[in-house]
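Novice: Take this structure, written in structure tokens, and hold onto it; I'll ask about it next.
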Amino acid sequence: MKSASLINLSDKSIFIVGAGWSGLACAVTLVQAGHKVCLLESARQAGGRARSISSKNSHTMHLPGLKLDNGQHIMLGAYYFTQEIFKTLGLKESNILQRHPLELKLFSAAEDSIHLKASSLLPAPLHLLAAFLTMQGLNLKDRLKVIKMALMLSMSGYRLKKDISVEQLLAQHQQTKILIKALWEPLCLATLNTPIHYASAQVFLNVLKDSFNSSKHNSDCLFFKQDLSQTFCLPAIRFIKNHNSEVKCAEKVLDIQIRHSGVNKNSSEFYIQTGHHFYQCNQLILATPPHISKKLIDQSLLIGKKSSFNFFYEPIVTIYIQYPSEIKLPQIMVGFFSSSSEHTSQWAIDRSLTGQNGLIAVVISGSGKHMQLSSSQLVHAIHQELSLVISHLPDFHEYKIIKEKRATFRCHVDIESQRPGTITTVSGLYLAGDYTDTGYPATLEGAIKSGVMAARQIIRQK
Ligand SMILES: Cc1cc2nc3c(=O)[nH]c(=O)nc-3n(C[C@H](O)[C@H](O)[C@H](O)COP(=O)(O)OP(=O)(O)OC[C@H]3O[C@@H](n4cnc5c(N)ncnc54)[C@H](O)[C@@H]3O)c2cc1C
């Protein structure tokens with residue numbers, strides 16, 4: 001081991017590795033319950049895959065002071081753990097989020113646009129059944145097929161006896177090509193970031209169940225009014241520090257050694273090595289992505305006899321494209337589809353909500369031909385598609401493309417059986433992160449829920 005100083009030998013801090021939303025949520029929950037925490041993060045800023053970046057680092061976009069996120073993020077009304085953490089931090093929803101009842105408008109170069117709007121008058125799930133019945137751009141036969149499928153899924157409790165792909169599920173429920181292309185495929189990519197032919201139908205149903213049932217507000221879309229670091233990461237760090245705890249950025253964990261202690265060897269001591277320090281603790285939460293967690297600690301210790309800790313990843317590309325400030329989308333979010341030809345854009349979000357007038361964020365989930373395009377080809381394809389939605393669209397000024405190759409874990413068929421829980425085989429060692437067994441795909445809600453669950457395991461032992 002390199003020379004590094006040994007610190008914190010005597011204090012009783014709980015250590016968390018990784019200050020993404022799962023690690024931050026875990027720390028907030030622990031300090032609120034009176035624990036002392038030390039959070040170690042390899043990057044120079046917290047937030048992980050949901051953080052802000054400054055446009056001044058961009059080669060293509062030079063708007064002074066403009067804050068962008070590393071990817072456009074949206075929340076759903078059903079994200080209860082996330083909303084609860086925001087409350088703990090004293091964040092008022094109306095200050096940080098704009099809530100819209102579900103309204104999907106999808107455009108196509110060759111077909112009629114699709115418009116689905118949840119009723120604000122009816123309770124769940126009637127608010128969505130009415131939306132399907134009145135959906136514009138589809139014939140009555142297709143709309144009835146969607147309603148029949150929704151009713152059958154509801155009767156089955158949104159549970160499958162055996163997981164299948166979303167594509168197989170849609171075939172079982174006789175969904176037509178236009179329904180798949182214009183409704184289900186965009187929804188599956190937006191929620192699971194995984195193509196329908198291998199996406200897990202069970203995880204898709206988990207999301208549908210939460211969003212479509214209980215309260216009509218569960219299906220609301222929540223848009224951030226500020227960048228992600230301003231919204232959550234910075235308030236979370238302030239909260240943790242105000243509770244006698246620490247967040248150390250640029251402190252990459254290189255190695256973790258475990259020693260078993262106690263009368264029956266039933267407690268553990270963890271020795272954590274970073275580039276600068278050694279730390280020792282008795283309780284440790286790994287809130288790192290799975291490929292990092294298994295580098296730091298042998299996977300057999302993390303998951304016992306469970307056969308696999310192999311996660312694959314799917315990319316997300318976000319293209320920020322700046323037009324003159326008066327340019328707006330017809331509504332805050334629009335989608336794109338085609339049942340016959342290729343198209344590149346999937347969703348476009350108007351950033352005027354964050355005070356960035358004329359800025360549009362276009363999101364492309366999953367891998368595809370767009371990954372092979374040059375920046376200039378990609379942005380021109382997107383500009384072309386945006387002109388379907390905005391008439392007399394002028395030339396754009398600047399753009400920035402962010403490709404996150406490991407944006408989310410691949411939510412493939414049977415993924416549920418492979419996701420580890422919070423508790424490991426080592427006493428005092430816990431896992432958090434969107435990939436753990438939360439029932440959710442890779443989302444802010446999954447990350448926050450996993451962090452809160454890990455914290456609760458420790459709090460319960462008090
Ligand atoms: C482009 C994009 C768009 C997305 N859109 C949405 C959306 O619209 N809605 C939604 O709900 N979700 C969305 N997501 C998913 C969401 O961002 C993630 O699920 C969530 O941020 C994962 O948080 P996490 O804490 O589990 O993991 P991470 O964010 O990956 O956090 C892990 C942390 O560990 C740190 N780390 C790694 N190695 C070490 C080490 N050796 N030592 C110390 N620290 C280490 C990392 O730097 C990182 O900060 C999107 C993700 C991306 C990338």
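Note on naming: chains are A, B, ... as they come in the structure tokens, residues start from 1 per chain, ligands start from 1 in the order shown.
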Residues at most 7 Å from ligand 1, using only C-alpha atoms and all ligand atoms? Could they come as a count of residues only?

Specialist: 47

Novice: Find the residues around Ile196 in chain A up to 7 Å (only C-alpha atoms counted), leave out those fewer than 6 positions away in its own chain, and share them as a ChimeraX atom specification.

Specialist: /A:165-167,185,188

Novice: Which residue out of A:Val413, A:Ile458, A:His343, A:Leu302 has the minimum interatomic distance to Ile164 in chain A when only C-alpha atoms are used?

Specialist: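 Checking each of A:Val413, A:Ile458, A:His343, A:Leu302 against Ile164 in chain A, counting only C-alpha atoms, the winner is A:Val413.
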
Novice: Determine, counting only C-alpha atoms, which protein, DNA and RNA residues have an atom within 10 Å of an atom of Leu296 in chain A; residues of the same chain fewer than 5 positions away are not included. Present the result as a ChimeraX atom specification.

Specialist: /A:253-257,272,286,288,290-291

Novice: Which is closest to Ala118 in chain A among A:Cys221, A:Val203, A:Leu386, A:Val426, if we use only C-alpha atoms?

Specialist: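 So, comparing all the options, the nearest one is A:Cys221.
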
Novice: According to DSSP computed on the backbone, where in range 211-290 of chain A is there helix (DSSP H, G or I)? Give the residues as a list in words.

Specialist: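 Reading the DSSP output for range 211-290 of chain A, helix (DSSP H, G or I) covers Ser211, Phe212, Lys216, His217, Asn218, Ser219, Leu228, Ser229, Gln230, Thr231, Phe232, Cys233, Leu234, Pro235, Ala236, Ile237, Arg238, Phe239, Ile240, Lys241, Asn242 and Pro290 of chain A.
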
Novice: For those residues, write C-alpha atoms to a file as a tab-separated table (two decimals), in the first residue's frame.

Specialist:
```tsv
chain	number	residue	atom	x	y	z
A	211	SER	CA	-47.73	5.35	-12.22
A	212	PHE	CA	-51.24	4.33	-13.22
A	216	LYS	CA	-53.99	10.15	-10.37
A	217	HIS	CA	-50.98	12.30	-9.40
A	218	ASN	CA	-48.70	9.24	-9.63
A	219	SER	CA	-48.69	9.59	-13.43
A	228	LEU	CA	-29.71	18.85	-10.73
A	229	SER	CA	-26.79	19.86	-8.49
A	230	GLN	CA	-28.58	23.02	-7.38
A	231	THR	CA	-31.80	21.09	-6.82
A	232	PHE	CA	-30.56	18.14	-4.79
A	233	CYS	CA	-26.79	17.56	-4.51
A	234	LEU	CA	-25.81	20.88	-2.93
A	235	PRO	CA	-28.72	20.98	-0.42
A	236	ALA	CA	-27.98	17.33	0.50
A	237	ILE	CA	-24.28	18.11	1.10
A	238	ARG	CA	-25.19	21.14	3.23
A	239	PHE	CA	-27.59	19.01	5.28
A	240	ILE	CA	-24.98	16.27	5.83
A	241	LYS	CA	-22.28	18.78	6.85
A	242	ASN	CA	-24.69	20.61	9.18
A	290	PRO	CA	-21.96	-2.67	-9.71
```

Novice: Between CA of Gln226 in chain A and CA of Ser325 in chain A, what is the spacing in Å?

Specialist: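 Straight-line distance from CA of Ser325 in chain A to CA of Gln226 in chain A works out to 17.8 Å.
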
Novice: Kindly indicate which residue among A:Ile321, A:Ile459, A:Ala201, A:Met333 lies nearest to His397 in chain A, using only C-alpha atoms for the distances.

Specialist: A:Ile321

Novice: Give the strand (DSSP E) residues of range 101-337 of chain A, as DSSP finds them on the backbone, and put them as a PyMOL selection string.

Specialist: chain A and resi 103-107+114-117+221-224+246-248+253-261+267-274+277-281+284-286+313-322+333-336
